[in-house]
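Peer 1: Input run23.cif, format and content: mmCIF, C-alpha atoms.
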data_upload
loop_
_atom_site.label_atom_id
_atom_site.label_comp_id
_atom_site.auth_asym_id
_atom_site.auth_seq_id
_atom_site.Cartn_x
_atom_site.Cartn_y
_atom_site.Cartn_z
CA GLY C 1 -85.44 -38.98 57.51
CA ALA C 2 -83.66 -39.26 54.21
CA GLY C 3 -81.34 -36.33 54.81
CA VAL C 4 -80.35 -33.63 57.25
CA SER C 5 -83.38 -31.49 57.97
CA GLN C 6 -83.23 -27.88 59.13
CA THR C 7 -85.98 -25.58 60.36
CA PRO C 8 -86.93 -22.89 59.75
CA SER C 9 -85.76 -22.60 56.17
CA ASN C 10 -86.10 -18.82 56.42
CA LYS C 11 -86.20 -16.53 59.44
CA VAL C 12 -86.46 -12.75 59.54
CA THR C 13 -85.95 -11.23 62.96
CA GLU C 14 -85.39 -7.81 64.45
CA LYS C 15 -82.04 -6.73 65.81
CA GLY C 16 -81.76 -7.64 69.46
CA LYS C 17 -84.13 -10.59 69.33
CA TYR C 18 -83.39 -14.20 70.26
CA VAL C 19 -83.37 -16.91 67.56
CA GLU C 20 -83.30 -20.70 67.60
CA LEU C 21 -82.39 -22.80 64.58
CA ARG C 22 -83.06 -26.52 64.63
CA CYS C 23 -81.22 -29.40 62.98
CA ASP C 24 -82.39 -32.99 62.65
CA PRO C 25 -79.45 -35.12 61.48
CA ILE C 26 -79.54 -38.33 59.49
CA SER C 27 -80.70 -41.14 61.76
CA GLY C 28 -77.79 -42.94 63.39
CA HIS C 29 -75.25 -40.20 62.73
CA THR C 30 -73.25 -39.47 65.85
CA ALA C 31 -71.37 -36.40 64.65
CA LEU C 32 -73.19 -33.13 63.99
CA TYR C 33 -71.72 -29.87 62.68
CA TRP C 34 -72.88 -26.27 62.43
CA TYR C 35 -71.49 -23.91 59.82
CA ARG C 36 -72.31 -20.32 58.86
CA GLN C 37 -72.14 -19.06 55.29
CA SER C 38 -72.21 -15.37 54.53
CA LEU C 39 -72.90 -14.05 51.04
CA GLY C 40 -70.05 -14.75 48.66
CA GLN C 41 -68.11 -16.81 51.19
CA GLY C 42 -67.53 -20.48 51.84
CA PRO C 43 -69.04 -22.19 54.88
CA GLU C 44 -67.34 -21.25 58.15
CA PHE C 45 -67.12 -23.81 60.95
CA LEU C 46 -68.94 -22.96 64.18
CA ILE C 47 -69.20 -26.05 66.37
CA TYR C 48 -69.26 -29.83 66.21
CA PHE C 49 -70.85 -32.43 68.48
CA GLN C 50 -69.85 -36.01 68.99
CA GLY C 51 -72.90 -37.50 70.65
CA THR C 52 -74.30 -35.07 73.20
CA GLY C 53 -71.11 -33.18 73.90
CA ALA C 54 -69.58 -30.29 72.03
CA ALA C 55 -66.23 -31.68 70.90
CA ASP C 56 -65.05 -28.44 69.30
CA ASP C 57 -66.75 -25.05 69.69
CA SER C 58 -63.78 -23.00 68.54
CA GLY C 59 -65.71 -21.44 65.68
CA LEU C 60 -68.46 -19.81 67.73
CA PRO C 61 -67.84 -16.09 67.18
CA ASN C 62 -68.82 -14.88 70.66
CA ASP C 63 -70.91 -15.75 73.70
CA ARG C 64 -74.15 -14.75 71.99
CA PHE C 65 -73.96 -18.05 70.12
CA PHE C 66 -74.69 -21.34 71.83
CA ALA C 67 -75.66 -24.81 70.64
CA VAL C 68 -77.03 -27.89 72.35
CA ARG C 69 -77.66 -31.51 71.47
CA PRO C 70 -79.20 -32.92 74.66
CA GLU C 71 -80.10 -36.39 73.45
CA GLY C 72 -77.41 -36.88 70.86
CA SER C 73 -79.74 -36.41 67.90
CA VAL C 74 -81.52 -33.08 67.25
CA SER C 75 -79.45 -29.96 67.79
CA THR C 76 -80.46 -26.35 68.32
CA LEU C 77 -78.28 -23.35 67.55
CA LYS C 78 -79.25 -20.40 69.73
CA ILE C 79 -78.36 -16.79 68.99
CA GLN C 80 -79.01 -14.11 71.60
CA ARG C 81 -79.30 -10.36 71.00
CA THR C 82 -79.06 -10.80 67.24
CA GLU C 83 -77.09 -8.26 65.22
CA ARG C 84 -77.35 -7.39 61.53
CA GLY C 85 -73.97 -9.04 61.00
CA ASP C 86 -75.47 -12.38 62.05
CA SER C 87 -77.44 -12.47 58.80
CA ALA C 88 -76.26 -15.57 56.92
CA VAL C 89 -77.19 -19.10 55.97
CA TYR C 90 -76.69 -21.45 58.90
CA LEU C 91 -75.82 -24.93 57.68
CA CYS C 92 -76.09 -28.11 59.67
CA ALA C 93 -74.34 -31.32 58.69
CA SER C 94 -73.93 -34.80 60.09
CA SER C 95 -71.76 -37.86 59.63
CA PHE C 96 -71.93 -41.44 60.86
CA GLN C 97 -68.82 -40.82 62.89
CA ALA C 98 -66.38 -37.94 63.00
CA GLY C 99 -64.13 -38.26 59.95
CA ASN C 100 -66.70 -40.01 57.76
CA THR C 101 -68.45 -38.32 54.83
CA ILE C 102 -70.32 -35.23 55.95
CA TYR C 103 -73.87 -34.64 54.67
CA PHE C 104 -75.31 -31.14 54.68
CA GLY C 105 -78.80 -29.81 55.19
CA GLU C 106 -80.34 -27.12 53.02
CA GLY C 107 -79.64 -24.44 55.58
CA SER C 108 -81.60 -21.86 57.51
CA TRP C 109 -81.51 -18.37 56.00
CA LEU C 110 -81.39 -15.84 58.83
CA THR C 111 -81.98 -12.17 58.13
CA VAL C 112 -81.63 -9.66 60.95
CA VAL C 113 -83.28 -6.32 60.21
CA ALA N 1 -52.78 -21.28 60.20
CA GLN N 2 -55.16 -23.50 58.28
CA ARG N 3 -56.41 -21.90 55.13
CA VAL N 4 -57.92 -22.85 51.79
CA THR N 5 -57.64 -20.45 48.87
CA GLN N 6 -59.66 -20.57 45.68
CA PRO N 7 -58.32 -17.69 43.60
CA GLU N 8 -61.13 -17.58 41.05
CA LYS N 9 -64.61 -16.42 42.07
CA LEU N 10 -65.99 -17.16 38.62
CA LEU N 11 -64.83 -19.44 35.83
CA SER N 12 -66.67 -19.41 32.54
CA VAL N 13 -66.01 -21.97 29.79
CA PHE N 14 -67.76 -23.35 26.75
CA LYS N 15 -69.23 -26.83 26.64
CA GLY N 16 -66.58 -29.38 25.69
CA ALA N 17 -63.67 -27.25 26.87
CA PRO N 18 -61.31 -28.44 29.62
CA VAL N 19 -61.87 -27.10 33.11
CA GLU N 20 -59.46 -26.57 36.00
CA LEU N 21 -60.66 -25.09 39.29
CA LYS N 22 -57.73 -24.07 41.44
CA CYS N 23 -57.32 -24.77 45.12
CA ASN N 24 -54.32 -24.09 47.33
CA TYR N 25 -54.11 -24.85 51.01
CA SER N 26 -52.03 -24.02 54.04
CA TYR N 27 -51.74 -26.65 56.76
CA SER N 28 -48.82 -27.76 58.88
CA GLY N 29 -49.67 -31.46 59.04
CA SER N 30 -51.15 -33.98 56.62
CA PRO N 31 -54.61 -32.79 55.70
CA GLU N 32 -57.36 -34.58 53.91
CA LEU N 33 -58.67 -32.59 50.94
CA PHE N 34 -62.17 -32.50 49.49
CA TRP N 35 -64.19 -30.90 46.74
CA TYR N 36 -67.83 -30.07 47.49
CA VAL N 37 -70.36 -28.93 44.89
CA GLN N 38 -73.60 -27.00 45.19
CA TYR N 39 -75.94 -27.09 42.21
CA SER N 40 -78.60 -24.42 41.86
CA ARG N 41 -81.22 -24.72 44.63
CA GLN N 42 -79.65 -27.89 46.03
CA ARG N 43 -77.70 -28.61 49.17
CA LEU N 44 -73.93 -28.78 49.41
CA GLN N 45 -72.70 -32.29 48.57
CA LEU N 46 -69.40 -34.11 48.45
CA LEU N 47 -67.93 -34.44 44.96
CA LEU N 48 -64.70 -36.21 45.77
CA ARG N 49 -62.01 -36.68 48.42
CA HIS N 50 -58.35 -37.15 47.73
CA ILE N 51 -57.92 -40.38 49.67
CA SER N 52 -60.42 -42.22 47.50
CA ARG N 53 -58.59 -41.25 44.31
CA GLU N 54 -61.72 -41.80 42.25
CA SER N 55 -63.25 -39.91 39.35
CA ILE N 56 -66.75 -38.57 39.91
CA LYS N 57 -68.81 -37.19 37.02
CA GLY N 58 -65.56 -37.05 35.05
CA PHE N 59 -63.83 -34.84 37.61
CA THR N 60 -60.46 -35.70 39.13
CA ALA N 61 -58.22 -33.96 41.61
CA ASP N 62 -54.65 -34.76 42.58
CA LEU N 63 -53.11 -33.71 45.83
CA ASN N 64 -49.75 -32.02 45.23
CA LYS N 65 -48.07 -31.69 48.60
CA GLY N 66 -45.07 -29.85 47.15
CA GLU N 67 -47.25 -27.10 45.73
CA THR N 68 -49.93 -27.51 48.47
CA SER N 69 -52.56 -27.67 45.76
CA PHE N 70 -55.62 -29.78 45.04
CA HIS N 71 -56.89 -28.53 41.70
CA LEU N 72 -60.11 -29.97 40.26
CA LYS N 73 -60.04 -30.94 36.61
CA LYS N 74 -62.36 -32.20 33.92
CA PRO N 75 -61.28 -32.70 30.31
CA PHE N 76 -64.65 -31.86 28.69
CA ALA N 77 -67.06 -29.61 30.58
CA GLN N 78 -70.82 -30.18 30.33
CA GLU N 79 -73.58 -27.63 30.87
CA GLU N 80 -74.82 -29.62 33.88
CA ASP N 81 -71.46 -29.01 35.59
CA SER N 82 -72.47 -25.38 36.16
CA ALA N 83 -72.47 -24.95 39.94
CA MET N 84 -70.55 -23.55 42.92
CA TYR N 85 -67.48 -25.58 43.81
CA TYR N 86 -65.83 -25.46 47.21
CA CYS N 87 -62.47 -26.89 48.13
CA ALA N 88 -62.12 -27.95 51.77
CA LEU N 89 -59.57 -29.48 54.09
CA SER N 90 -59.77 -31.50 57.24
CA GLY N 91 -56.83 -31.92 59.59
CA GLY N 92 -55.99 -35.03 61.57
CA ASN N 93 -57.61 -35.38 65.01
CA GLN N 94 -60.08 -32.60 64.26
CA GLY N 95 -63.18 -34.72 64.16
CA GLY N 96 -63.80 -34.21 60.49
CA LYS N 97 -64.21 -30.44 60.89
CA LEU N 98 -63.86 -28.83 57.46
CA ILE N 99 -62.15 -25.59 56.49
CA PHE N 100 -63.63 -24.28 53.25
CA GLY N 101 -62.37 -22.00 50.53
CA GLN N 102 -64.48 -19.12 49.26
CA GLY N 103 -65.80 -21.10 46.34
CA THR N 104 -65.61 -20.85 42.56
CA GLU N 105 -68.68 -20.48 40.43
CA LEU N 106 -68.34 -22.56 37.27
CA SER N 107 -70.47 -21.50 34.34
CA VAL N 108 -70.50 -23.79 31.29
CA LYS N 109 -71.97 -22.09 28.25
CA PRO N 110 -73.55 -24.00 25.35
#
Starting from the file, give its structure as structure tokens.
Peer 2:
Amino acid sequence: GAGVSQTPSNKVTEKGKYVELRCDPISGHTALYWYRQSLGQGPEFLIYFQGTGAADDSGLPNDRFFAVRPEGSVSTLKIQRTERGDSAVYLCASSFQAGNTIYFGEGSWLTVV
Amino acid sequence: AQRVTQPEKLLSVFKGAPVELKCNYSYSGSPELFWYVQYSRQRLQLLLRHISRESIKGFTADLNKGETSFHLKKPFAQEEDSAMYYCALSGGNQGGKLIFGQGTELSVKP
């Protein structure tokens, strides 16, 4: 596609439920990043993939958060036992290689009620 | 610790006035600095990066290592510059991972 695509664009879920957020990066981009942006804050790094492997997952807040990129293209961010504090915009981004210009998607708005 | 600080949450100026959005950083090595912009209802996009030393849409930013600052400047603001601006840094050997500031909302009034 022309840009980084994220689905769903909006998700409302109940506390305790499981959520998956999908990211389709720009074709040919090997590096993929997940960020979280809470209201009034800048994006906060969660995890980055180089190819299929997670090169840096130091930003994942706890073990309820997990991300995969099995074929080195599409990635899924998985959140277990959601909490109200998980409500945020989850941004995905990709770059041709790590260190090149990073292009962002429009984000997935997650609301936990 | 790596940190980016944008002290102003909101900056309001009139059209044609000069603009300076402040950014200070804390990093022990030699970071690469960026400005990202988010226009209303659009995705976050790169405005400029310090290594390219170019002017985009009339904006410039100079890296001052002594003051650990990377302020964004434009001599004559336009209404279409109204947006959220985020300063970010990337450290060496970190795979391009970005650390963002909290953002400054720029409002340019007619």
Peer 1: Mind pulling up the distance from atom CA of C:Tyr48 to atom CA of C:Pro61?
Peer 2: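 Taking atom CA of C:Pro61 and atom CA of C:Tyr48, their separation equals 13.8 Å.
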Peer 1: Work out how far atom CA of N:Gly96 is from atom CA of C:Leu110, in Å to one decimal.
Peer 2: 25.5 Å
Peer 1: Please report as JSON lines every residue of chain C lying within 7 Å of chain N, along with the nearest atom pair and their distance in Å (one decimal), using only C-alpha atoms.
Peer 2:
{"residue": "C:Gln41", "atom": "CA", "partner": "N:Gln102", "partner_atom": "CA", "distance": 4.7}
{"residue": "C:Gly42", "atom": "CA", "partner": "N:Gln102", "partner_atom": "CA", "distance": 4.2}
{"residue": "C:Pro43", "atom": "CA", "partner": "N:Phe100", "partner_atom": "CA", "distance": 6.0}
{"residue": "C:Glu44", "atom": "CA", "partner": "N:Phe100", "partner_atom": "CA", "distance": 6.9}
{"residue": "C:Phe45", "atom": "CA", "partner": "N:Ile99", "partner_atom": "CA", "distance": 6.9}
{"residue": "C:Ala98", "atom": "CA", "partner": "N:Gly95", "partner_atom": "CA", "distance": 4.7}
{"residue": "C:Gly99", "atom": "CA", "partner": "N:Gly96", "partner_atom": "CA", "distance": 4.1}
{"residue": "C:Tyr103", "atom": "CA", "partner": "N:Gln45", "partner_atom": "CA", "distance": 6.6}
{"residue": "C:Phe104", "atom": "CA", "partner": "N:Leu44", "partner_atom": "CA", "distance": 5.9}
{"residue": "C:Gly105", "atom": "CA", "partner": "N:Arg43", "partner_atom": "CA", "distance": 6.2}
{"residue": "C:Glu106", "atom": "CA", "partner": "N:Arg43", "partner_atom": "CA", "distance": 4.9}
Peer 1: Go ahead and save the residues from that selection, with C-alpha atoms, as a compact mmCIF listing (two decimals), keeping the file's coordinate frame.
Peer 2:
# COMPACT_ATOMS: atom_id res chain seq x y z
CA GLN C 41 -68.11 -16.81 51.19
CA GLY C 42 -67.53 -20.48 51.84
CA PRO C 43 -69.04 -22.19 54.88
CA GLU C 44 -67.34 -21.25 58.15
CA PHE C 45 -67.12 -23.81 60.95
CA ALA C 98 -66.38 -37.94 63.00
CA GLY C 99 -64.13 -38.26 59.95
CA TYR C 103 -73.87 -34.64 54.67
CA PHE C 104 -75.31 -31.14 54.68
CA GLY C 105 -78.80 -29.81 55.19
CA GLU C 106 -80.34 -27.12 53.02
Peer 1: Written as a PyMOL selection string, what is the full residue list that the PyMOL selection byres ((chain C and resi 68) around 12) yields on the file shown?
Peer 2: chain C and resi 20-23+32-34+47-55+57+65-67+69-79
Peer 1: Could those selected residues go to a file with C-alpha atoms, as a short mmCIF file (atom, residue, chain, number, x, y, z; two decimals), in the frame of the given file?
Peer 2:
data_model
loop_
_atom_site.label_atom_id
_atom_site.label_comp_id
_atom_site.auth_asym_id
_atom_site.auth_seq_id
_atom_site.Cartn_x
_atom_site.Cartn_y
_atom_site.Cartn_z
CA GLU C 20 -83.30 -20.70 67.60
CA LEU C 21 -82.39 -22.80 64.58
CA ARG C 22 -83.06 -26.52 64.63
CA CYS C 23 -81.22 -29.40 62.98
CA LEU C 32 -73.19 -33.13 63.99
CA TYR C 33 -71.72 -29.87 62.68
CA TRP C 34 -72.88 -26.27 62.43
CA ILE C 47 -69.20 -26.05 66.37
CA TYR C 48 -69.26 -29.83 66.21
CA PHE C 49 -70.85 -32.43 68.48
CA GLN C 50 -69.85 -36.01 68.99
CA GLY C 51 -72.90 -37.50 70.65
CA THR C 52 -74.30 -35.07 73.20
CA GLY C 53 -71.11 -33.18 73.90
CA ALA C 54 -69.58 -30.29 72.03
CA ALA C 55 -66.23 -31.68 70.90
CA ASP C 57 -66.75 -25.05 69.69
CA PHE C 65 -73.96 -18.05 70.12
CA PHE C 66 -74.69 -21.34 71.83
CA ALA C 67 -75.66 -24.81 70.64
CA ARG C 69 -77.66 -31.51 71.47
CA PRO C 70 -79.20 -32.92 74.66
CA GLU C 71 -80.10 -36.39 73.45
CA GLY C 72 -77.41 -36.88 70.86
CA SER C 73 -79.74 -36.41 67.90
CA VAL C 74 -81.52 -33.08 67.25
CA SER C 75 -79.45 -29.96 67.79
CA THR C 76 -80.46 -26.35 68.32
CA LEU C 77 -78.28 -23.35 67.55
CA LYS C 78 -79.25 -20.40 69.73
CA ILE C 79 -78.36 -16.79 68.99
#
Peer 1: Give me, please, the distance in Å between atom CA of N:Ser26 and atom CA of N:Ser12, quoted to one decimal.
Peer 2: 26.4 Å
Peer 1: Of the candidates C:Arg64, C:Thr111, C:Thr82, C:Ile26, which shows the shortest atom-to-atom distance to C:Gln97, using only C-alpha atoms?
Peer 2: C:Ile26
Peer 1: Go through C:Ser108, C:Ser94, C:Asn100, C:Ser27 one by one, measure the shortest atom-to-atom distance of each to C:Val12 using all atoms listed in the file, and give the residue with the smallest value.
Peer 2: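 Using all atoms listed in the file, the shortest distance to C:Val12 belongs to C:Ser108.
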Peer 1: List the residues matched by the PyMOL selection byres ((chain C and resi 5) around 7) in the displayed structure as a PyMOL selection string, ordered by chain and then by residue number.
Peer 2: chain C and resi 3-4+6-7+23-25+105
Peer 1: Report, as JSON, the axis-aligned box around all atoms of stretch 88-107 of chain C present in the file, extended by 3 Å on each side; give centre and edge lengths in Å to one decimal place.
Peer 2:
{"center_x": -72.2, "center_y": -28.5, "center_z": 58.0, "size_x": 22.2, "size_y": 31.9, "size_z": 16.0}
Peer 1: Running the PyMOL selection byres ((chain N and resi 15) around 6) on this model by hand, what would come out? Give it as a PDB file with C-alpha atoms, keeping the file's coordinate frame.
Peer 2:
ATOM      1  CA  PHE N  14     -67.760 -23.350  26.750  1.00  0.00           C
ATOM      2  CA  GLY N  16     -66.580 -29.380  25.690  1.00  0.00           C
ATOM      3  CA  ALA N  17     -63.670 -27.250  26.870  1.00  0.00           C
ATOM      4  CA  ALA N  77     -67.060 -29.610  30.580  1.00  0.00           C
ATOM      5  CA  GLN N  78     -70.820 -30.180  30.330  1.00  0.00           C
ATOM      6  CA  VAL N 108     -70.500 -23.790  31.290  1.00  0.00           C
ATOM      7  CA  LYS N 109     -71.970 -22.090  28.250  1.00  0.00           C
ATOM      8  CA  PRO N 110     -73.550 -24.000  25.350  1.00  0.00           C
TER       9      PRO N 110
END
Peer 1: Point out the residue among C:Thr101, C:Thr30, C:Glu14, C:Tyr35 with the least atom-to-atom distance to C:Glu83, counting all atoms listed in the file.
Peer 2: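 Nearest candidate to C:Glu83 out of C:Thr101, C:Thr30, C:Glu14, C:Tyr35: C:Glu14.
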Peer 1: From the set N:Ile51, N:Thr68, N:Val13, N:Leu89, which residue has the shortest atom-to-atom contact distance to N:Pro31, counting only C-alpha atoms?
Peer 2: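 For N:Pro31, the nearest of the given residues is N:Leu89.
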Peer 1: Calculated over all atoms listed in the file, which of the candidates N:Leu72, N:Leu106, N:Ala1, N:Cys23 has the smallest distance to N:Leu48?
Peer 2: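 Distance minimum relative to N:Leu48 lands on N:Leu72.
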